[in-house]
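Colleague: Dropping in data_16.csv, which is CSV, C-alpha atoms and all ligand atoms:
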```csv
chain,number,residue,atom,x,y,z
G,1,MET,CA,-11.9,4.1,14.9
G,2,THR,CA,-12.6,2.8,11.4
G,3,LEU,CA,-11.7,5.2,8.7
G,4,LEU,CA,-12.0,3.0,5.6
G,5,ARG,CA,-13.9,-0.1,5.0
G,6,ALA,CA,-14.1,-2.1,1.7
G,7,GLU,CA,-16.6,-4.9,1.4
G,8,ASN,CA,-16.6,-7.6,-1.2
G,9,LEU,CA,-14.9,-5.5,-3.9
G,10,HIS,CA,-14.8,-7.0,-7.4
G,11,ARG,CA,-13.3,-5.6,-10.5
G,12,ALA,CA,-13.0,-7.5,-13.8
G,13,TYR,CA,-11.6,-6.3,-17.1
G,14,PRO,CA,-13.4,-7.5,-20.3
G,15,LEU,CA,-11.3,-9.6,-22.6
G,16,PRO,CA,-11.9,-10.4,-26.3
G,17,GLY,CA,-14.3,-13.4,-26.8
G,18,GLY,CA,-16.6,-12.4,-23.9
G,19,ARG,CA,-14.2,-13.6,-21.2
G,20,SER,CA,-13.0,-11.5,-18.4
G,21,LEU,CA,-10.0,-11.0,-16.2
G,22,ARG,CA,-10.9,-10.9,-12.5
G,23,ALA,CA,-8.2,-8.5,-11.2
G,24,VAL,CA,-9.9,-8.0,-7.8
G,25,ASP,CA,-12.1,-10.9,-6.9
G,26,GLY,CA,-13.9,-10.3,-3.6
G,27,ILE,CA,-11.8,-8.3,-1.2
G,28,ASP,CA,-12.7,-7.0,2.3
G,29,LEU,CA,-10.4,-4.5,4.1
G,30,THR,CA,-10.6,-2.3,7.2
G,31,LEU,CA,-8.3,0.6,8.1
G,32,ARG,CA,-8.4,2.5,11.3
G,33,ARG,CA,-7.7,6.2,11.5
G,34,GLY,CA,-4.0,7.0,11.8
G,35,GLU,CA,-2.8,3.5,11.0
G,36,THR,CA,-1.0,1.8,8.1
G,37,LEU,CA,-2.5,-1.1,6.2
G,38,ALA,CA,0.0,-2.8,4.0
G,39,ILE,CA,-1.2,-4.7,0.9
G,40,VAL,CA,1.3,-7.1,-0.2
G,41,GLY,CA,1.6,-9.7,-3.1
G,42,GLU,CA,3.5,-10.4,-6.2
G,43,SER,CA,3.2,-8.4,-9.4
G,44,GLY,CA,-0.1,-8.9,-11.2
G,45,CYS,CA,-2.1,-10.0,-8.2
G,46,GLY,CA,-4.4,-7.0,-8.2
G,47,LYS,CA,-2.8,-4.5,-5.8
G,48,SER,CA,-2.9,-1.5,-8.1
G,49,THR,CA,-6.4,-2.2,-9.2
G,50,LEU,CA,-7.5,-2.4,-5.6
G,51,GLY,CA,-5.7,0.9,-5.0
G,52,ARG,CA,-7.6,2.6,-7.9
G,53,LEU,CA,-10.9,1.3,-6.6
G,54,LEU,CA,-10.2,2.7,-3.1
G,55,LEU,CA,-9.3,6.0,-4.7
G,56,ARG,CA,-12.4,5.8,-7.0
G,57,LEU,CA,-10.2,6.3,-10.0
G,58,GLU,CA,-12.1,3.3,-11.2
G,59,GLU,CA,-15.5,2.0,-10.1
G,60,ALA,CA,-15.9,-1.4,-8.5
G,61,ASP,CA,-18.2,-3.8,-10.4
G,62,GLU,CA,-19.5,-5.0,-7.1
G,63,GLY,CA,-19.0,-4.3,-3.4
G,64,ARG,CA,-18.9,-1.0,-1.5
G,65,ILE,CA,-16.3,1.3,0.0
G,66,LEU,CA,-17.1,3.3,3.2
G,67,LEU,CA,-15.1,6.3,4.3
G,68,ASP,CA,-16.1,7.2,7.8
G,69,GLY,CA,-19.2,5.2,7.3
G,70,THR,CA,-20.3,7.0,4.1
G,71,ASP,CA,-20.7,4.9,1.0
G,72,LEU,CA,-18.5,6.4,-1.7
G,73,ARG,CA,-20.7,5.2,-4.5
G,74,GLY,CA,-23.4,7.6,-3.7
G,75,LEU,CA,-21.2,10.7,-3.7
G,76,ARG,CA,-21.7,13.4,-6.3
G,77,GLY,CA,-20.6,17.1,-6.7
G,78,ALA,CA,-19.2,18.8,-3.6
G,79,ALA,CA,-19.3,15.6,-1.5
G,80,LEU,CA,-17.3,13.7,-4.1
G,81,ARG,CA,-14.8,16.6,-4.4
G,82,ASP,CA,-14.3,16.5,-0.6
G,83,MET,CA,-13.8,12.8,-0.6
G,84,ARG,CA,-11.1,13.3,-3.3
G,85,ARG,CA,-9.4,15.8,-1.0
G,86,ARG,CA,-9.5,13.5,2.0
G,87,VAL,CA,-8.1,10.5,0.1
G,88,GLN,CA,-4.8,11.3,-1.7
G,89,VAL,CA,-2.4,9.1,-3.7
G,90,VAL,CA,1.3,8.7,-4.2
G,91,PHE,CA,2.3,6.4,-7.1
G,92,GLN,CA,5.5,4.5,-7.7
G,93,ASP,CA,6.6,6.8,-10.4
G,94,PRO,CA,6.1,10.5,-9.7
G,95,TYR,CA,6.9,11.2,-13.4
G,96,GLY,CA,3.5,9.7,-14.0
G,97,SER,CA,1.8,12.3,-11.8
G,98,LEU,CA,4.1,15.3,-12.0
G,99,ASN,CA,3.9,17.3,-15.2
G,100,PRO,CA,7.4,17.5,-16.6
G,101,ARG,CA,6.9,21.0,-17.8
G,102,GLU,CA,5.3,22.3,-14.7
G,103,ARG,CA,7.3,24.0,-11.9
G,104,ILE,CA,7.0,22.4,-8.5
G,105,ARG,CA,5.5,25.6,-7.2
G,106,ASP,CA,2.5,25.2,-9.5
G,107,ALA,CA,2.2,21.5,-8.8
G,108,LEU,CA,1.9,22.2,-5.1
G,109,VAL,CA,-0.3,25.3,-5.3
G,110,ARG,CA,-2.9,24.0,-7.8
G,111,PRO,CA,-4.6,21.4,-5.6
G,112,MET,CA,-5.0,23.9,-2.8
G,113,LEU,CA,-6.7,26.4,-5.2
G,114,LEU,CA,-8.7,23.6,-6.9
G,115,HIS,CA,-10.1,22.6,-3.5
G,116,ARG,CA,-10.6,26.3,-2.6
G,117,LEU,CA,-8.6,25.9,0.6
G,118,CYS,CA,-7.0,29.4,0.5
G,119,ASP,CA,-6.0,32.2,-1.9
G,120,ARG,CA,-2.9,32.1,-4.1
G,121,ALA,CA,-0.6,34.1,-1.7
G,122,GLU,CA,-1.5,31.7,1.1
G,123,ALA,CA,-1.1,28.7,-1.1
G,124,GLU,CA,2.4,29.8,-2.1
G,125,ARG,CA,3.3,30.3,1.5
G,126,ARG,CA,2.1,26.8,2.3
G,127,ALA,CA,4.0,25.4,-0.6
G,128,GLY,CA,7.2,26.6,0.9
G,129,ALA,CA,6.3,25.1,4.3
G,130,LEU,CA,5.4,21.8,2.6
G,131,MET,CA,8.8,21.7,0.9
G,132,GLU,CA,10.4,22.0,4.3
G,133,ARG,CA,8.2,19.4,5.9
G,134,VAL,CA,9.3,16.8,3.3
G,135,GLY,CA,13.0,17.7,3.7
G,136,LEU,CA,13.4,19.9,0.7
G,137,SER,CA,14.0,23.7,0.4
G,138,PRO,CA,11.5,26.4,-0.6
G,139,ALA,CA,14.3,27.7,-2.8
G,140,GLN,CA,13.7,24.7,-5.1
G,141,LEU,CA,10.1,25.6,-5.8
G,142,ASP,CA,10.8,27.0,-9.2
G,143,ARG,CA,12.6,23.9,-10.5
G,144,LEU,CA,11.1,21.4,-12.8
G,145,PRO,CA,10.6,17.7,-11.9
G,146,HIS,CA,13.7,16.5,-13.9
G,147,GLN,CA,15.9,18.7,-11.8
G,148,PHE,CA,15.3,16.4,-8.8
G,149,SER,CA,16.4,12.9,-7.9
G,150,GLY,CA,13.9,10.0,-7.8
G,151,GLY,CA,13.7,10.2,-4.0
G,152,GLN,CA,13.2,14.0,-4.1
G,153,ARG,CA,10.5,13.6,-6.7
G,154,GLN,CA,8.8,11.2,-4.4
G,155,ARG,CA,9.0,13.7,-1.6
G,156,ILE,CA,7.4,16.3,-3.8
G,157,ALA,CA,4.6,13.9,-4.6
G,158,ILE,CA,4.1,13.4,-0.9
G,159,ALA,CA,4.1,17.1,-0.3
G,160,ARG,CA,1.5,17.6,-3.0
G,161,ALA,CA,-0.7,14.8,-1.4
G,162,LEU,CA,-0.3,16.6,2.0
G,163,SER,CA,-1.1,20.0,0.6
G,164,VAL,CA,-4.9,19.5,0.8
G,165,GLY,CA,-5.0,18.0,4.3
G,166,PRO,CA,-5.9,14.4,3.6
G,167,GLU,CA,-6.9,11.8,6.2
G,168,LEU,CA,-5.7,8.9,4.0
G,169,ILE,CA,-2.9,8.5,1.5
G,170,VAL,CA,-2.9,5.5,-0.8
G,171,CYS,CA,0.8,4.8,-1.6
G,172,ASP,CA,1.2,2.4,-4.5
G,173,GLU,CA,4.7,1.0,-4.4
G,174,PRO,CA,6.0,4.4,-3.4
G,175,VAL,CA,9.6,3.2,-2.9
G,176,SER,CA,9.9,0.3,-5.3
G,177,ALA,CA,11.7,2.4,-8.0
G,178,LEU,CA,14.2,4.0,-5.6
G,179,ASP,CA,17.6,2.9,-4.5
G,180,VAL,CA,17.6,0.9,-1.4
G,181,SER,CA,19.5,3.6,0.5
G,182,VAL,CA,16.8,6.1,-0.4
G,183,GLN,CA,13.8,3.8,0.3
G,184,ALA,CA,14.3,3.9,4.0
G,185,GLN,CA,14.3,7.7,4.0
G,186,VAL,CA,11.0,7.9,2.2
G,187,VAL,CA,9.5,5.3,4.4
G,188,ASN,CA,10.7,7.2,7.5
G,189,LEU,CA,9.2,10.4,6.1
G,190,LEU,CA,5.8,8.8,5.7
G,191,GLN,CA,6.1,7.5,9.3
G,192,ASP,CA,6.9,10.9,10.6
G,193,LEU,CA,4.0,12.5,8.7
G,194,GLN,CA,1.7,9.8,10.0
G,195,HIS,CA,2.9,10.4,13.5
G,196,GLU,CA,2.5,14.2,13.3
G,197,ASP,CA,-0.8,14.4,11.4
G,198,GLY,CA,-2.6,11.2,12.4
G,199,LEU,CA,-2.6,10.2,8.7
G,200,ALA,CA,-3.8,6.8,7.7
G,201,LEU,CA,-1.8,5.0,5.0
G,202,VAL,CA,-2.6,2.2,2.6
G,203,PHE,CA,0.9,1.0,1.6
G,204,ILE,CA,1.0,-1.2,-1.4
G,205,SER,CA,4.2,-3.2,-1.9
G,206,HIS,CA,5.5,-6.4,-3.4
G,207,ASP,CA,8.1,-6.7,-0.7
G,208,LEU,CA,7.0,-8.0,2.7
G,209,ALA,CA,10.4,-6.9,4.3
G,210,VAL,CA,9.7,-3.3,3.5
G,211,VAL,CA,6.3,-3.2,5.3
G,212,ARG,CA,7.4,-5.2,8.3
G,213,HIS,CA,8.1,-2.2,10.5
G,214,LEU,CA,5.8,0.3,8.8
G,215,ALA,CA,2.5,-1.5,8.8
G,216,HIS,CA,0.1,-1.9,11.7
G,217,HIS,CA,-2.0,-4.4,9.6
G,218,VAL,CA,-1.1,-6.5,6.6
G,219,ALA,CA,-3.3,-8.0,4.0
G,220,VAL,CA,-1.5,-10.5,1.7
G,221,ILE,CA,-3.2,-10.9,-1.6
G,222,TYR,CA,-2.9,-13.6,-4.2
G,223,ALA,CA,-4.7,-13.7,-7.5
G,224,GLY,CA,-7.2,-11.0,-6.6
G,225,ARG,CA,-8.1,-12.3,-3.1
G,226,VAL,CA,-6.8,-11.7,0.4
G,227,VAL,CA,-5.3,-15.0,1.6
G,228,GLU,CA,-4.0,-13.8,5.0
G,229,ALA,CA,-4.6,-10.7,7.1
G,230,GLY,CA,-3.7,-9.6,10.5
G,231,THR,CA,-1.6,-7.3,12.6
G,232,ALA,CA,1.9,-7.0,11.4
G,233,GLU,CA,3.1,-8.6,14.6
G,234,THR,CA,1.0,-11.8,14.3
G,235,LEU,CA,1.5,-12.1,10.6
G,236,PHE,CA,5.3,-12.0,10.7
G,237,ALA,CA,5.6,-14.0,13.9
G,238,ASP,CA,3.2,-16.8,12.9
G,239,PRO,CA,2.3,-16.7,9.2
G,240,ARG,CA,-0.5,-19.2,8.6
G,241,HIS,CA,-0.8,-19.2,4.8
G,242,PRO,CA,1.8,-21.0,2.7
G,243,TYR,CA,1.9,-18.1,0.3
G,244,THR,CA,2.8,-15.7,3.1
G,245,ARG,CA,5.5,-18.1,4.2
G,246,ALA,CA,6.8,-18.3,0.6
G,247,LEU,CA,7.0,-14.5,0.3
G,248,LEU,CA,8.9,-14.3,3.6
G,249,GLU,CA,11.3,-17.0,2.4
G,250,ALA,CA,11.8,-15.4,-1.0
G,251,ALA,CA,12.5,-11.9,0.5
G,252,PRO,CA,16.1,-10.9,-0.1
G,253,ARG,CA,18.1,-10.9,3.1
G,254,THR,CA,20.7,-8.4,2.2
G,255,ASP,CA,20.8,-5.4,-0.2
G,256,THR,CA,23.2,-7.0,-2.6
G,257,GLY,CA,23.8,-10.6,-1.5
G,258,PRO,CA,22.1,-13.6,-3.1
G,259,ARG,CA,18.7,-14.7,-1.9
G,260,ALA,CA,19.0,-17.3,0.8
G,261,HIS,CA,16.2,-19.3,-0.8
G,262,ALA,CA,15.2,-19.6,-4.4
G,263,ALA,CA,12.7,-16.9,-5.3
G,264,LEU,CA,9.1,-18.2,-5.1
G,265,ALA,CA,8.9,-20.8,-7.9
G,266,GLY,CA,6.3,-20.6,-10.6
G,267,GLU,CA,3.9,-17.9,-11.6
G,268,PRO,CA,0.5,-16.8,-10.2
G,269,PRO,CA,-2.4,-18.3,-12.2
G,270,ASN,CA,-3.7,-16.5,-15.2
G,271,PRO,CA,-6.4,-14.2,-13.8
G,272,ALA,CA,-8.5,-14.8,-16.9
G,273,ALA,CA,-8.7,-18.5,-16.1
G,274,PRO,CA,-8.0,-19.2,-12.4
G,275,PRO,CA,-7.9,-22.9,-11.4
G,276,PRO,CA,-11.1,-24.2,-9.7
G,277,GLY,CA,-9.6,-25.0,-6.3
G,278,CYS,CA,-7.2,-22.9,-4.2
G,279,ARG,CA,-5.5,-20.5,-6.5
G,280,PHE,CA,-2.1,-21.1,-4.8
G,281,ALA,CA,-2.4,-25.0,-4.9
G,282,ALA,CA,-0.2,-25.4,-8.0
G,283,ARG,CA,2.8,-23.7,-6.2
G,284,CYS,CA,2.0,-24.8,-2.7
G,285,PRO,CA,4.4,-27.2,-0.8
G,286,ALA,CA,1.6,-28.2,1.6
G,287,ALA,CA,-1.1,-28.8,-1.1
G,288,GLN,CA,-3.3,-31.9,-0.8
G,289,ALA,CA,-6.0,-33.2,-3.1
G,290,VAL,CA,-8.6,-31.2,-1.2
G,291,CYS,CA,-6.8,-28.0,-2.2
G,292,ARG,CA,-7.3,-28.7,-5.9
G,293,GLU,CA,-10.8,-30.2,-5.6
G,294,GLU,CA,-12.6,-27.9,-3.2
G,295,PRO,CA,-13.2,-24.2,-3.9
G,296,GLN,CA,-10.6,-21.9,-2.3
G,297,PRO,CA,-11.6,-21.7,1.4
G,298,PRO,CA,-12.7,-18.2,2.6
G,299,LEU,CA,-10.7,-16.3,5.1
G,300,ARG,CA,-11.1,-17.9,8.5
G,301,GLU,CA,-10.4,-16.6,11.9
G,302,ILE,CA,-7.2,-18.1,13.4
G,303,ALA,CA,-7.0,-15.7,16.3
G,304,ALA,CA,-8.7,-12.4,17.3
G,305,THR,CA,-6.6,-10.3,14.8
G,306,HIS,CA,-5.5,-13.0,12.4
G,307,ARG,CA,-7.3,-14.6,9.4
G,308,ALA,CA,-6.1,-17.0,6.8
G,309,ALA,CA,-7.7,-18.7,3.7
G,310,CYS,CA,-6.1,-22.2,3.8
G,311,HIS,CA,-7.5,-25.6,4.7
G,312,PHE,CA,-4.4,-26.3,6.7
G,313,ALA,CA,-3.8,-23.0,8.3
G,314,GLU,CA,-4.0,-24.4,11.9
G,315,ALA,CA,-2.2,-27.6,11.0
G,316,LEU,CA,0.9,-26.0,9.4
G,317,PRO,CA,4.1,-26.5,11.6
G,318,PRO,CA,5.5,-23.5,13.3
G,319,PHE,CA,7.2,-21.2,10.9
G,320,ILE,CA,11.0,-20.9,11.2
G,321,LEU,CA,13.0,-19.0,8.7
G,322,LEU,CA,15.9,-21.3,7.9
G,323,ASP,CA,18.4,-18.6,7.6
G,324,ALA,CA,21.0,-16.9,9.8
G,325,ALA,CA,19.8,-13.5,9.0
G,326,PRO,CA,16.0,-13.1,9.1
G,327,PRO,CA,14.3,-10.4,7.0
G,328,ALA,CA,14.3,-8.1,10.0
G,329,ALA,CA,18.1,-7.9,9.6
G,330,THR,CA,18.0,-6.6,6.0
G,331,PRO,CA,19.6,-3.2,6.1
G,332,LEU,CA,16.4,-1.4,5.0
G,333,ALA,CA,14.2,-3.1,7.5
G,334,ALA,CA,16.8,-2.8,10.2
G,335,ARG,CA,17.1,0.9,9.6
G,336,ILE,CA,13.4,1.4,9.7
G,337,GLY,CA,13.2,-0.7,12.8
G,338,ALA,CA,15.9,1.2,14.6
G,339,TYR,CA,14.2,4.4,13.5
G,340,ARG,CA,10.9,3.4,15.0
G,341,ALA,CA,12.5,2.2,18.2
G,342,ALA,CA,14.3,5.6,18.6
G,343,ARG,CA,11.0,7.4,17.9
G,344,ASN,CA,9.2,5.3,20.5
G,345,ARG,CA,11.9,6.1,23.0
G,346,ALA,CA,11.5,9.8,22.2
G,347,ASP,CA,7.7,9.4,22.7
G,348,ALA,CA,8.2,7.7,26.0
G,349,GLY,CA,10.5,10.6,27.0
G,350,ASP,CA,7.8,13.1,26.0
G,351,ALA,CA,5.2,11.3,28.1
G,352,ALA,CA,7.5,11.0,31.1
K,401,LIG,N1,-6.9,-1.5,-17.3
K,401,LIG,C1,-6.7,-2.8,-17.3
K,401,LIG,N2,-7.2,-3.6,-18.4
K,401,LIG,C2,-7.0,-4.9,-18.4
K,401,LIG,N3,-6.3,-5.6,-17.5
K,401,LIG,C3,-5.8,-5.0,-16.5
K,401,LIG,C4,-5.9,-3.6,-16.3
K,401,LIG,N4,-5.3,-3.2,-15.2
K,401,LIG,C5,-4.8,-4.3,-14.7
K,401,LIG,N5,-5.1,-5.4,-15.4
K,401,LIG,C6,-4.7,-6.8,-15.1
K,401,LIG,O1,-5.2,-7.1,-13.8
K,401,LIG,C7,-4.3,-7.9,-13.1
K,401,LIG,C8,-3.9,-7.2,-11.9
K,401,LIG,O2,-3.1,-6.0,-12.2
K,401,LIG,P1,-2.6,-5.0,-11.1
K,401,LIG,O3,-3.7,-4.5,-10.3
K,401,LIG,O4,-1.9,-3.9,-11.9
K,401,LIG,O5,-1.6,-5.9,-10.3
K,401,LIG,P2,-0.4,-5.5,-9.3
K,401,LIG,O6,-0.5,-4.0,-9.0
K,401,LIG,O7,-0.5,-6.3,-8.1
K,401,LIG,O8,0.9,-5.8,-10.1
K,401,LIG,C9,-3.1,-8.2,-14.1
K,401,LIG,O9,-3.4,-9.4,-14.7
K,401,LIG,C10,-3.2,-7.0,-15.1
K,401,LIG,O10,-2.7,-7.4,-16.3
K,402,MG,MG,0.9,-2.5,-9.2
```
Rewrite the structure of this file - the entire thing - as structure tokens.
Modeller:
Amino acid sequence: MTLLRAENLHRAYPLPGGRSLRAVDGIDLTLRRGETLAIVGESGCGKSTLGRLLLRLEEADEGRILLDGTDLRGLRGAALRDMRRRVQVVFQDPYGSLNPRERIRDALVRPMLLHRLCDRAEAERRAGALMERVGLSPAQLDRLPHQFSGGQRQRIAIARALSVGPELIVCDEPVSALDVSVQAQVVNLLQDLQHEDGLALVFISHDLAVVRHLAHHVAVIYAGRVVEAGTAETLFADPRHPYTRALLEAAPRTDTGPRAHAALAGEPPNPAAPPPGCRFAARCPAAQAVCREEPQPPLREIAATHRAACHFAEALPPFILLDAAPPAATPLAARIGAYRAARNRADAGDAA
């Protein structure tokens, strides 16, 4: 069942001289209850802006966002507060959201009181239980944020998001600032919580390898637009947009080793002055004259669960990663994959 739908979202920031920077330039998304939608693209392509629009931390200039079929634009008062409870956020840097002078106890208790979910005694009890759920100890409740490691702070941010019983958590690069060894732990925690609570996740990342085993659906965005979208399976097995292919090729294959391919060459276009044709044409190995001359093609259905915005999507040769170790074998992705396989076996055991 659809939990979240975004239709034709636009967000531009005014620049001096009457120009504007189109950070999000016509994006559609759908997320089903209990699933993970990954939003992937290079730095500056509009991911965080999109996240803020979905959270209503910022208003879209155009387009609408439906939560369970209700248009978020119309919400005021109690209905808006309830929407803010149902949709929570975890940012890359919990220092940005955890007050450095506030004890963890208060950071966890306050949202529950704010949303009038329970009284203080009950909120304190729940705070202890939340610490345990995210793998920390209730005995640490009286500490301050700086007394925790980066991974632990991210667990606290997740606990705080959970405290109010959300249906969706928007995670904006939640593991990008963490050591690789810690990244998998935090990703695994999110997967466990999703599994237990039926949580839906929007998982924003610049790294396709990280989302591979986490996401049910993936939207690849480039210069403010979705260029390819589909189930994780289809998109990784048969990427149909040259940008998705370039991201896969540029992904590091090992934690420390050199990249097998040169990082994606060049830069995304200036969002204040995008080129008239396909926005990826200048960097695209498959580009033809039509790509520079015609406007960027809209997303087109390639298969039932797969859309791509490329003139040549169907014509591209099969995608083969020219490397002994595909991204699935990176230690992080492998660990997450092994974890998911083990969990699925456990589920099968439960069902038997
Ligand atoms: N508040 C803002 N004012 C002006 N420009 C912004 C603002 N926020 C983001 N941008 C610009 O919008 C574009 C997209 O940014 P962002 O959404 O942060 O991308 P990402 O999260 O993918 O790195 C960038 O060019 C960025 O400089
Ligand atoms: Mg960002």
Colleague: Near range 50-53 of chain G, counting all atoms listed in the file, which residues have an atom at most 9 Å away, once you skip same-chain residues fewer than 3 positions from it, shown as a ChimeraX atom specification?
Modeller: /G:9-11,23-24,27,46-47,56-60,65,89,170-172,202,204,224
Colleague: Ranking G:Val40, G:Pro16, G:Arg225, G:Arg76 by minimum distance to Asp207 in chain G and counting all atoms listed in the file, which one comes first?
Modeller: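 Counting all atoms listed in the file, the residue closest to Asp207 in chain G is G:Val40.
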Colleague: CA of Pro295 in chain G and CA of Pro276 in chain G, how far apart in Å?
Modeller: 6.2 Å
Colleague: Could you give me the residues within 7 Å of ligand LIG 401 (chain K), counting all atoms listed in the file, as a list in words?
Modeller: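 The residues within 7 Å of ligand LIG 401 (chain K), counting all atoms listed in the file, are Tyr13, Leu21, Arg22, Ala23, Gly41, Glu42, Ser43, Gly44, Cys45, Gly46, Lys47, Ser48, Thr49, Leu50 and Pro271 of chain G.
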Colleague: Do you have the CA of Gln194 in chain G-CA of Val226 in chain G distance handy?
Modeller: 25.0 Å
Colleague: Compare G:Ala232, G:Leu168, G:Val134, G:Ala177 by their minimum atom-to-atom distance to ligand MG 402 (chain K), counting only C-alpha atoms and all ligand atoms, and give me the closest one.
Modeller: G:Ala177
Colleague: In the coordinate frame of the file, compute which residues have an atom within 12 Å of (15.0, 22.1, -7.8) when using only C-alpha atoms, and state them as number ranges by chain.
Modeller: G: 102-105, 131, 136-149, 152-153, 156
Colleague: Deliver the residues from the most recent selection as a file, using C-alpha atoms, as a compact mmCIF listing (two decimals), keeping the file's coordinate frame.
Modeller:
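For reference, selection.txt as written:
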```txt
# COMPACT_ATOMS: atom_id res chain seq x y z
CA GLU G 102 5.30 22.30 -14.70
CA ARG G 103 7.30 24.00 -11.90
CA ILE G 104 7.00 22.40 -8.50
CA ARG G 105 5.50 25.60 -7.20
CA MET G 131 8.80 21.70 0.90
CA LEU G 136 13.40 19.90 0.70
CA SER G 137 14.00 23.70 0.40
CA PRO G 138 11.50 26.40 -0.60
CA ALA G 139 14.30 27.70 -2.80
CA GLN G 140 13.70 24.70 -5.10
CA LEU G 141 10.10 25.60 -5.80
CA ASP G 142 10.80 27.00 -9.20
CA ARG G 143 12.60 23.90 -10.50
CA LEU G 144 11.10 21.40 -12.80
CA PRO G 145 10.60 17.70 -11.90
CA HIS G 146 13.70 16.50 -13.90
CA GLN G 147 15.90 18.70 -11.80
CA PHE G 148 15.30 16.40 -8.80
CA SER G 149 16.40 12.90 -7.90
CA GLN G 152 13.20 14.00 -4.10
CA ARG G 153 10.50 13.60 -6.70
CA ILE G 156 7.40 16.30 -3.80
```
Colleague: Between CA of Arg5 in chain G and CA of Pro111 in chain G, what distance in Å does the model show, to one decimal?
Modeller: 25.7 Å
Colleague: Can you fill out range 141-153 of chain G with N, CA, C and O atoms and hand it back as an mmCIF file, in the coordinates of the input?
Modeller:
```cif
data_model
loop_
_atom_site.group_PDB
_atom_site.id
_atom_site.type_symbol
_atom_site.label_atom_id
_atom_site.label_comp_id
_atom_site.auth_asym_id
_atom_site.auth_seq_id
_atom_site.Cartn_x
_atom_site.Cartn_y
_atom_site.Cartn_z
ATOM 1 N N LEU G 141 11.456 25.609 -5.271
ATOM 2 C CA LEU G 141 10.100 25.600 -5.800
ATOM 3 C C LEU G 141 9.988 25.923 -7.285
ATOM 4 O O LEU G 141 9.034 25.514 -7.939
ATOM 5 N N ASP G 142 10.962 26.657 -7.799
ATOM 6 C CA ASP G 142 10.800 27.000 -9.200
ATOM 7 C C ASP G 142 11.518 26.052 -10.162
ATOM 8 O O ASP G 142 11.592 26.283 -11.365
ATOM 9 N N ARG G 143 11.956 24.939 -9.613
ATOM 10 C CA ARG G 143 12.600 23.900 -10.500
ATOM 11 C C ARG G 143 11.498 23.048 -11.140
ATOM 12 O O ARG G 143 10.350 23.018 -10.714
ATOM 13 N N LEU G 144 11.965 22.313 -12.132
ATOM 14 C CA LEU G 144 11.100 21.400 -12.800
ATOM 15 C C LEU G 144 11.394 19.949 -12.301
ATOM 16 O O LEU G 144 12.475 19.702 -11.750
ATOM 17 N N PRO G 145 10.455 19.023 -12.475
ATOM 18 C CA PRO G 145 10.600 17.700 -11.900
ATOM 19 C C PRO G 145 11.971 17.026 -12.256
ATOM 20 O O PRO G 145 12.583 16.377 -11.414
ATOM 21 N N HIS G 146 12.455 17.201 -13.501
ATOM 22 C CA HIS G 146 13.700 16.500 -13.900
ATOM 23 C C HIS G 146 14.912 16.981 -13.160
ATOM 24 O O HIS G 146 15.967 16.347 -13.208
ATOM 25 N N GLN G 147 14.787 18.125 -12.486
ATOM 26 C CA GLN G 147 15.900 18.700 -11.800
ATOM 27 C C GLN G 147 16.077 18.047 -10.364
ATOM 28 O O GLN G 147 16.920 18.476 -9.582
ATOM 29 N N PHE G 148 15.234 17.071 -10.056
ATOM 30 C CA PHE G 148 15.300 16.400 -8.800
ATOM 31 C C PHE G 148 15.651 14.921 -8.955
ATOM 32 O O PHE G 148 15.399 14.353 -10.019
ATOM 33 N N SER G 149 16.178 14.326 -7.901
ATOM 34 C CA SER G 149 16.400 12.900 -7.900
ATOM 35 C C SER G 149 15.110 12.145 -7.740
ATOM 36 O O SER G 149 14.086 12.750 -7.378
ATOM 37 N N GLY G 150 15.126 10.827 -7.946
ATOM 38 C CA GLY G 150 13.900 10.000 -7.800
ATOM 39 C C GLY G 150 13.332 10.157 -6.377
ATOM 40 O O GLY G 150 12.124 10.311 -6.193
ATOM 41 N N GLY G 151 14.197 10.093 -5.374
ATOM 42 C CA GLY G 151 13.700 10.200 -4.000
ATOM 43 C C GLY G 151 13.132 11.572 -3.711
ATOM 44 O O GLY G 151 12.120 11.695 -3.031
ATOM 45 N N GLN G 152 13.775 12.624 -4.277
ATOM 46 C CA GLN G 152 13.200 14.000 -4.100
ATOM 47 C C GLN G 152 11.896 14.144 -4.779
ATOM 48 O O GLN G 152 10.982 14.773 -4.244
ATOM 49 N N ARG G 153 11.775 13.565 -5.972
ATOM 50 C CA ARG G 153 10.500 13.600 -6.700
ATOM 51 C C ARG G 153 9.398 12.969 -5.847
ATOM 52 O O ARG G 153 8.264 13.410 -5.789
#
```
